[in-house]
Protein chains: 2
Amino acid sequence: MPRILARYLIETAHPLPAAAESMAGEQSSGTFVDVPGETDELRERHGARVERIDELETVSEPSLPGSSPPEGTTESDATYTRAEVDLSFPLENVGTSLPNLLTTVAGNLFELAPFSGLRLRDLEVPDEFAESCPGPQFGIEGTRELLGVHDRPIVGTIVKPNVGLSPDDTADIVETMVESGLDFIKDDELIASPPYSPVEERIEAVMDVIHRHEDRTGETVMYACNVTGDVREMKARHDAVVEAGGDCVMVSVNSVGLSGFLELRRHAEVPIHAHRNGWGALSRCPQLGFDYAAYQTFWRLAGADHLHVNGIRNKFCEPDESVIESARACQRPIVDDSDRAVPVFSSGQWAGQASDTYEALENVDLMYLAGGGIMGHPDGPAAGVAHLKQGWEAAMEGIPLEEYAEDHEELRRAIEKFGPVGSGR
Amino acid sequence: MPRILARYLIETAHPLPAAAESMAGEQSSGTFVDVPGETDELRERHGARVERIDELETVSEPSLPGSSPPEGTTESDATYTRAEVDLSFPLENVGTSLPNLLTTVAGNLFELAPFSGLRLRDLEVPDEFAESCPGPQFGIEGTRELLGVHDRPIVGTIVKPNVGLSPDDTADIVETMVESGLDFIKDDELIASPPYSPVEERIEAVMDVIHRHEDRTGETVMYACNVTGDVREMKARHDAVVEAGGDCVMVSVNSVGLSGFLELRRHAEVPIHAHRNGWGALSRCPQLGFDYAAYQTFWRLAGADHLHVNGIRNKFCEPDESVIESARACQRPIVDDSDRAVPVFSSGQWAGQASDTYEALENVDLMYLAGGGIMGHPDGPAAGVAHLKQGWEAAMEGIPLEEYAEDHEELRRAIEKFGPVGSGR
């Protein structure tokens with residue numbers, strides 16, 4: 001019988017083997033609970049197993065409040081050991097249901113009394129999941145094909161101001177953007193379909209601009225229209241996007257949830273751009289919640305084509321290693337290359353982070369979004385887009401940015417404004 | 001224009017007014033970002049407002065990593081001030097969309113650089129939300145009516161072992177349970193519709209037992225069948241429940257998400273029992289995530305009839321004050337009494353917590369679930385249920401449990417086994 005593998009970072013004042021067994025027991029059929037009907041056969045068939053315990057450092061203070069110290073100790077005189085623990089669960093316990101997988105590997109166990117820290121780090125699912133879940137419909141290859149952009153990152157930006165623009169105002173800003181030569185434009189997560197800018201009206205206005213640009217230049221620009229809402233709203237908005245000739249929808253995945261997202265994915269004819277706002281609540285405490293490596297697995301299996309990963313030297317709190325690890329996770333096959341998602345880099349990005357991003361990922365199968373890095377270029381948005389492309393050329397050719405800037409004016413001017421090269425915008 | 005009010009607990013090394021303004025700006029139209037098209041008129045109409053800042057204690061260490069200290073200080077020499085901050089957002093920014101409300105009040109802001117702590121504590125929405133969102137269809141009154149149980153808590157239990165039982169095994173255990181005289185039985189969150197116990201088969205087997213019991217005794221027992229899954233699965237399973245004469249469905253809300261839940265609610269003909277597994281990841285770090293007062297607002301507006309709140313002296317990590325505050329929040333009207341949800345107490349419950357629970361809530365409009373407190377009673381499950389009802393009679397009459405036990409044998413025997421009275425099971 002195939003098994004699901006979940007990797008946790010734990011912190012506990014209890015002996016590690018007993019603590020790990022209590023996780024396995026709580027999330028399946030436990031050996032520590034005496035329940036009529038819980039036969040040896042049932043435990044053998046349905047019990048979660050502790051596959052590995054790797055002891056890490058010890059700390060003197062519990063990271064999270066509320067844990068129960070072992071008998072005979074108090075919270076303050078106990079010592080707390082961290083460890084990485086692998087549990088495996090029989091596939092049969094869950095089937096291939098993503099919502100029920102989440103309950104199994106990341107349900108009540110965050111609140112178990114022996115733990116002053118518990119974080120889901122990684123997840124490996126049997127191939128049955130990929131066969132049964134929709135997965136990305138477009139991924140990097142499908143997105144590149146729609147855009148006709150190959151062998152470099154997909155360069156894009158975000159419509160700002162993030163709230164308050166009417167459909168016509170949005171179209172005006174999009175007009176400036178498409179003229180700058182970029183590949184991709186997305187809505188901000190704060191505008192979905194509010195009364196002052198219903199998707200149905202906004203998509204008409206924006207696609208009119210984009211279609212005129214395409215007719216004129218032959219260049220495609222992808223617009224990720226934020227369709228976040230109820231299931232029926234998302235489906236209707238998706239249809240309005242397709243009807244207007246649009247080629248991407250954006251969804252705030254944490255706001256929508258797995259079941260609603262799956263329903264949209266099964267309905268979708270265009271790539272789904274997955275925005276992860278709210279992710280900080282699930283990840284910012286180092287001893288609680290999720291690593292993105294585990295979390296993105298759910299959204300990819302559910303069918304996210306593009307997944308936000310923040311950016312190197314971003315304006316938020318996330319360290320660069322975490323950003324890179326997230327991007328690598330999105331690109332790592334679950335079963336095969338067809339289930340890879342496109343990591344979306346954004347927040348404070350300009351050419352200055354291109355070479356570090358490229359060195360870490362060793363490929364260009366990504367989206368690289370800049371706001372100020374494009375719109376704030378001293379010579380305007382077209383120069384902003386040009387400087388980003390130049391920065392990535394330099395990165396891919398292994399040429400230092402300053403050197404490449406010697407005969408690339410837009411890059412040179414960007415370094416003057418946004419530099420030094422090792423910094424974020 | 002009506003406004004949405006969100007209350008946060010923050011921790012920051014920056015001056016409080018500037019920090020609060022940065023939250024408002026990031027989540028609406030900010031005054032700190034210079035963007036073309038961001039007019040004064042737009043800011044006036046769409047900007048979030050800082051309504052109140054209430055300074056609290058100062059700490060010397062940041063609670064969360066990654067925050068940027070003010071210029072001229074380092075992370076270690078900065079001091080960190082906590083405060084409660086109220087922000088208001090124009091309703092027009094969001095409309096009455098629950099997923100987009102979540103993105104607005106609890107999206108990217110958890111990752112904002114000035115903050116070493118950020119937690120959403122409470123939420124007040126304009127009446128327009130209640131008018132537009134489905135809300136609880138049954139709540140306490142509707143649930144009482146279905147059950148014919150009034151003037152006392154609804155007493156229930158959870159089918160165990162939590163995984164591995166076939167439909168017939170489940171029915172056998174339910175048979176013992178219904179004979180014990182309880183009102184309510186629920187599935188464990190770990191069993192939804194796995195290959196070894198599809199909902200369609202389980203509900204037939206269980207309802208057969210319940211119907212025979214009802215025919216014999218005239219007493220109704222509610223069975224919350226766990227239908228968690230994709231939207232189409234949940235709808236089909238709901239229909240199977242109704243078809244079999246069932247009267248409740250259970251959903252793991254965090255696994256399903258708001259959009260899928262809303263879709264089920266609009267389809268539902270029976271109460272929805274909302275299980276909050278995974279809640280620990282959103283709440284256990286005191287300076288991050290959500291208070292339940294805020295979180296439960298989303299699920300009630302979306303239509304949860306019953307909402308889990310843990311229990312006093314529970315087996316998990318949550319302190320009693322938090323449990324009580326959660327239960328009070330579920331019972332507090334958003335607009336009026338019709339939108340109150342039933343708080344569901346569970347985890348280590350027996351009669352010993354009845355009087356403390358009653359004193360804190362001052363009402364009995366709740367579910368009181370016990371596992372071991374019923375099945376582990378020395379004289380069997382019927383005595384287990386009897387002792388719970390006796391415990392609540394004592395609580396409501398203000399009689400000390402030990403005194404009431406003098407002429408209530410089941411209670412007396414329970415105190416012997418589960419006591420002393422101030423303890424959890």
# chains A, B, ... in the order shown; residues from 1 in each chain; ligands from 1
$ residues_around --residues "Glu409 (chain A)" --least-positions-apart "2" --cutoff "12 Å" --atoms "only C-alpha atoms" --output "mmCIF file with C-alpha atoms, in the first residue's frame"
data_model
loop_
_atom_site.group_PDB
_atom_site.id
_atom_site.type_symbol
_atom_site.label_atom_id
_atom_site.label_comp_id
_atom_site.auth_asym_id
_atom_site.auth_seq_id
_atom_site.Cartn_x
_atom_site.Cartn_y
_atom_site.Cartn_z
ATOM 1 C CA HIS A 377 12.938 53.850 -14.073
ATOM 2 C CA PRO A 378 14.312 57.381 -14.634
ATOM 3 C CA ASP A 379 13.692 57.084 -18.387
ATOM 4 C CA ALA A 383 13.489 51.668 -20.245
ATOM 5 C CA GLY A 384 12.389 49.903 -17.049
ATOM 6 C CA ALA A 386 14.548 46.961 -21.130
ATOM 7 C CA HIS A 387 16.812 47.174 -18.077
ATOM 8 C CA LEU A 388 15.212 44.048 -16.574
ATOM 9 C CA GLN A 390 19.346 43.336 -19.940
ATOM 10 C CA GLY A 391 19.923 42.362 -16.331
ATOM 11 C CA LEU A 401 25.933 43.756 -14.148
ATOM 12 C CA GLU A 402 28.139 46.862 -14.077
ATOM 13 C CA GLU A 403 30.183 45.521 -16.965
ATOM 14 C CA TYR A 404 27.093 44.692 -19.023
ATOM 15 C CA ALA A 405 25.791 48.174 -18.266
ATOM 16 C CA GLU A 406 28.724 49.752 -20.057
ATOM 17 C CA ASP A 407 26.991 49.310 -23.392
ATOM 18 C CA LEU A 411 20.678 49.110 -17.309
ATOM 19 C CA ARG A 412 23.286 51.761 -16.583
ATOM 20 C CA ARG A 413 20.632 54.313 -15.691
ATOM 21 C CA ALA A 414 18.816 51.765 -13.500
ATOM 22 C CA ILE A 415 21.984 51.011 -11.558
ATOM 23 C CA GLU A 416 22.404 54.754 -10.975
#
$ interface_residues --of "chain A" --to "chain B" --cutoff "7 Å" --atoms "only C-alpha atoms" --output "PyMOL selection string"
chain A and resi 28-29+35+37-38+42+46+64+66-67+92-95+97+99-100+102-104+106-108+110-113+160-164+190+194-195+228-231+255-260+262-263+277-278+280-282+284-285+288-289+315-318
$ residues_around --residues "Asp356 (chain B)" --least-positions-apart "5" --cutoff "9 Å" --atoms "only C-alpha atoms" --output "ChimeraX atom specification"
/B:312,361,395,422
$ select_by_dssp --residues "region 102-194 of chain B" --states "strand (DSSP E or B)" --output "ChimeraX atom specification"
/B:112,115-124,154-158,184-186
$ write_last_selection --atoms "N, CA, C and O atoms" --output "short mmCIF file (atom, residue, chain, number, x, y, z; two decimals), in the first residue's frame"
data_model
loop_
_atom_site.label_atom_id
_atom_site.label_comp_id
_atom_site.auth_asym_id
_atom_site.auth_seq_id
_atom_site.Cartn_x
_atom_site.Cartn_y
_atom_site.Cartn_z
N LEU B 112 4.76 42.39 6.61
CA LEU B 112 5.31 43.75 6.47
C LEU B 112 6.56 43.92 7.33
O LEU B 112 6.60 43.53 8.50
N PHE B 115 7.16 45.03 11.21
CA PHE B 115 6.48 44.33 12.30
C PHE B 115 7.19 43.05 12.74
O PHE B 115 7.49 42.18 11.92
N SER B 116 7.42 42.95 14.04
CA SER B 116 7.91 41.69 14.62
C SER B 116 6.76 40.94 15.26
O SER B 116 6.98 39.92 15.94
N GLY B 117 5.56 41.40 15.04
CA GLY B 117 4.36 40.71 15.50
C GLY B 117 3.16 41.37 14.85
O GLY B 117 3.11 42.60 14.71
N LEU B 118 2.19 40.55 14.40
CA LEU B 118 0.96 41.11 13.83
C LEU B 118 -0.11 40.04 13.87
O LEU B 118 0.06 38.94 13.32
N ARG B 119 -1.18 40.36 14.57
CA ARG B 119 -2.24 39.37 14.78
C ARG B 119 -3.60 40.05 14.64
O ARG B 119 -3.81 41.13 15.20
N LEU B 120 -4.49 39.44 13.89
CA LEU B 120 -5.84 39.98 13.74
C LEU B 120 -6.68 39.54 14.93
O LEU B 120 -6.89 38.35 15.14
N ARG B 121 -7.15 40.49 15.71
CA ARG B 121 -7.84 40.14 16.95
C ARG B 121 -9.35 40.13 16.81
O ARG B 121 -10.04 39.32 17.41
N ASP B 122 -9.88 41.07 16.07
CA ASP B 122 -11.34 41.14 15.98
C ASP B 122 -11.73 41.83 14.68
O ASP B 122 -10.90 42.47 14.03
N LEU B 123 -12.98 41.70 14.35
CA LEU B 123 -13.46 42.16 13.06
C LEU B 123 -14.91 42.58 13.21
O LEU B 123 -15.71 41.84 13.78
N GLU B 124 -15.24 43.77 12.70
CA GLU B 124 -16.64 44.20 12.68
C GLU B 124 -16.98 44.55 11.25
O GLU B 124 -16.32 45.39 10.64
N ILE B 154 -26.53 20.53 24.26
CA ILE B 154 -26.66 19.35 23.41
C ILE B 154 -25.45 18.47 23.71
O ILE B 154 -24.31 18.91 23.61
N VAL B 155 -25.73 17.24 24.13
CA VAL B 155 -24.66 16.34 24.59
C VAL B 155 -24.31 15.35 23.48
O VAL B 155 -25.20 14.73 22.89
N GLY B 156 -23.01 15.25 23.20
CA GLY B 156 -22.63 14.38 22.10
C GLY B 156 -21.28 13.72 22.26
O GLY B 156 -20.59 13.91 23.27
N THR B 157 -20.93 12.95 21.24
CA THR B 157 -19.65 12.25 21.27
C THR B 157 -19.11 12.10 19.85
O THR B 157 -19.74 12.51 18.88
N ILE B 158 -17.91 11.51 19.76
CA ILE B 158 -17.18 11.37 18.50
C ILE B 158 -16.91 9.89 18.27
O ILE B 158 -16.49 9.19 19.19
N PHE B 184 -26.17 13.72 20.04
CA PHE B 184 -25.37 14.11 18.88
C PHE B 184 -24.16 13.21 18.76
O PHE B 184 -23.50 12.89 19.76
N ILE B 185 -23.87 12.79 17.53
CA ILE B 185 -22.68 11.97 17.25
C ILE B 185 -21.99 12.57 16.04
O ILE B 185 -22.65 12.92 15.06
N LYS B 186 -20.69 12.68 16.11
CA LYS B 186 -19.98 13.18 14.93
C LYS B 186 -18.86 12.22 14.52
O LYS B 186 -18.28 11.51 15.35
#
$ closest_residue --among "B:His150, B:Arg266, B:Arg7, B:Arg202" --to "Leu87 (chain B)" --atoms "only C-alpha atoms"
B:Arg7
$ select_by_dssp --residues "region 338-390 of chain B" --states "helix (DSSP H, G or I)" --output "list in words"
Ser338, Asp339, Ala351, Gly352, Gln353, Ala354, Ser355, Asp356, Thr357, Tyr358, Glu359, Ala360, Leu361, Gly372, Gly373, Ile374, Met375, Pro381, Ala382, Ala383, Gly384, Val385, Ala386, His387, Leu388, Lys389 and Gln390 of chain B
$ write_last_selection --atoms "N, CA and C atoms" --output "short mmCIF file (atom, residue, chain, number, x, y, z; two decimals), in the first residue's frame"
data_model
loop_
_atom_site.label_atom_id
_atom_site.label_comp_id
_atom_site.auth_asym_id
_atom_site.auth_seq_id
_atom_site.Cartn_x
_atom_site.Cartn_y
_atom_site.Cartn_z
N SER B 338 -29.96 35.81 14.92
CA SER B 338 -30.08 34.74 13.93
C SER B 338 -28.71 34.32 13.39
N ASP B 339 -27.70 35.15 13.59
CA ASP B 339 -26.39 34.76 13.05
C ASP B 339 -25.47 34.18 14.12
N ALA B 351 -18.19 15.92 33.33
CA ALA B 351 -19.03 16.84 34.12
C ALA B 351 -18.20 17.86 34.89
N GLY B 352 -16.94 17.53 35.11
CA GLY B 352 -16.07 18.39 35.92
C GLY B 352 -15.88 19.79 35.39
N GLN B 353 -16.09 20.01 34.11
CA GLN B 353 -15.92 21.37 33.57
C GLN B 353 -17.25 22.09 33.36
N ALA B 354 -18.36 21.42 33.68
CA ALA B 354 -19.68 21.99 33.36
C ALA B 354 -19.92 23.31 34.07
N SER B 355 -19.66 23.34 35.39
CA SER B 355 -20.02 24.57 36.11
C SER B 355 -19.14 25.74 35.71
N ASP B 356 -17.84 25.49 35.48
CA ASP B 356 -16.97 26.59 35.03
C ASP B 356 -17.38 27.10 33.65
N THR B 357 -17.78 26.18 32.79
CA THR B 357 -18.22 26.57 31.45
C THR B 357 -19.51 27.40 31.55
N TYR B 358 -20.42 26.93 32.37
CA TYR B 358 -21.70 27.63 32.52
C TYR B 358 -21.51 29.01 33.15
N GLU B 359 -20.67 29.07 34.18
CA GLU B 359 -20.43 30.38 34.82
C GLU B 359 -19.84 31.39 33.85
N ALA B 360 -18.95 30.90 32.98
CA ALA B 360 -18.29 31.82 32.04
C ALA B 360 -19.24 32.27 30.94
N LEU B 361 -20.10 31.37 30.47
CA LEU B 361 -20.97 31.70 29.33
C LEU B 361 -22.33 32.23 29.76
N GLY B 372 -13.97 9.94 26.04
CA GLY B 372 -13.73 9.13 27.22
C GLY B 372 -14.71 9.42 28.34
N GLY B 373 -15.18 10.65 28.43
CA GLY B 373 -16.14 11.03 29.47
C GLY B 373 -17.46 10.28 29.36
N ILE B 374 -17.74 9.75 28.17
CA ILE B 374 -18.93 8.91 27.97
C ILE B 374 -18.53 7.44 27.89
N MET B 375 -17.68 7.13 26.91
CA MET B 375 -17.34 5.72 26.66
C MET B 375 -16.49 5.13 27.78
N PRO B 381 -21.46 3.54 28.69
CA PRO B 381 -21.83 4.78 27.99
C PRO B 381 -23.12 5.42 28.48
N ALA B 382 -24.14 4.63 28.82
CA ALA B 382 -25.41 5.24 29.26
C ALA B 382 -25.19 6.01 30.56
N ALA B 383 -24.40 5.43 31.43
CA ALA B 383 -24.05 6.14 32.66
C ALA B 383 -23.19 7.35 32.34
N GLY B 384 -22.35 7.22 31.31
CA GLY B 384 -21.51 8.36 30.89
C GLY B 384 -22.35 9.55 30.47
N VAL B 385 -23.36 9.29 29.63
CA VAL B 385 -24.24 10.38 29.18
C VAL B 385 -25.04 10.92 30.37
N ALA B 386 -25.54 10.02 31.20
CA ALA B 386 -26.32 10.47 32.36
C ALA B 386 -25.49 11.39 33.26
N HIS B 387 -24.23 11.04 33.48
CA HIS B 387 -23.40 11.86 34.38
C HIS B 387 -23.17 13.25 33.80
N LEU B 388 -23.07 13.34 32.45
CA LEU B 388 -22.89 14.66 31.83
C LEU B 388 -24.13 15.52 32.03
N LYS B 389 -25.29 14.92 31.82
CA LYS B 389 -26.53 15.69 32.00
C LYS B 389 -26.67 16.12 33.46
N GLN B 390 -26.33 15.22 34.37
CA GLN B 390 -26.40 15.56 35.80
C GLN B 390 -25.43 16.69 36.14
#
